[in-house]
Amino acid sequence: MADLFVWLISFFLLIALLVLITFQLMCLADLEFDYINPYDSSTRINRVVMPEFITQAVLCFFYLVTRHWIMALFCVPYLLFNIRLYRRRMHLIDVTEIFNLLSWEKKQRLIKLFYLVFILFLSVFWMIYTSLGGEKFKGEIVF
């Protein structure tokens with residue numbers, strides 16, 4: 001039963017990450033179609049970048065603490081990419097360079113979105129597997 005709660009918590013953390021990435025993509029799309037000015041768009045995106053990084057780090061740490069090694073390994077590349085962006089000071093969007101980097105920023109966030117959808121799919125699979133009682137068959141051969 002406790003394992004089911006672990007998967008539920010990871011599910012909601014992944015949904016929060018998906019919402020943050022989708023919000024950033026919407027802001028970039030609004031900027032591209034000239035519905036919003038560059039200052040407002042970069043301010044809105046920069047406001048949610050650190051919560052995204054922190055939530056993803058908490059998710060990876062959560063998988064490590066609960067000993068879900070495979071899921072932690074799937075989260076590590078995304079975490080390392082975020083750390084690399086932060087250390088190079090490339091995590092925030094500059095107002096003056098936003099139009100030059102618009103396609104790169106959109107591609108980066110789309111890749112993050114697809115990666116998170118893949119991890120969400122795995123999490124939902126393991127949540128369903130756990131809720132159906134699949135953990136009692138670990139190590140046994142069932143005929």
# chains A, B, ... in the order shown; residues from 1 in each chain; ligands from 1
$ residues_around --residues "Tyr115 of chain A" --least-positions-apart "4" --cutoff "12 Å" --atoms "only C-alpha atoms" --output "NGL selection string"
:A and (14 or 17-18 or 21 or 74-79 or 108-111 or 119-122)
$ residues_around --residues "segment 92-95 of chain A" --least-positions-apart "5" --cutoff "10 Å" --atoms "only C-alpha atoms" --output "PyMOL selection string"
chain A and resi 37-50+85-86+101-102+105
$ atom_distance --atom1 "atom CA of Thr130 of chain A" --atom2 "atom CA of Ile15 of chain A"
19.3 Å
$ atom_distance --atom1 "atom CA of Met127 of chain A" --atom2 "atom CA of Ala57 of chain A"
20.7 Å
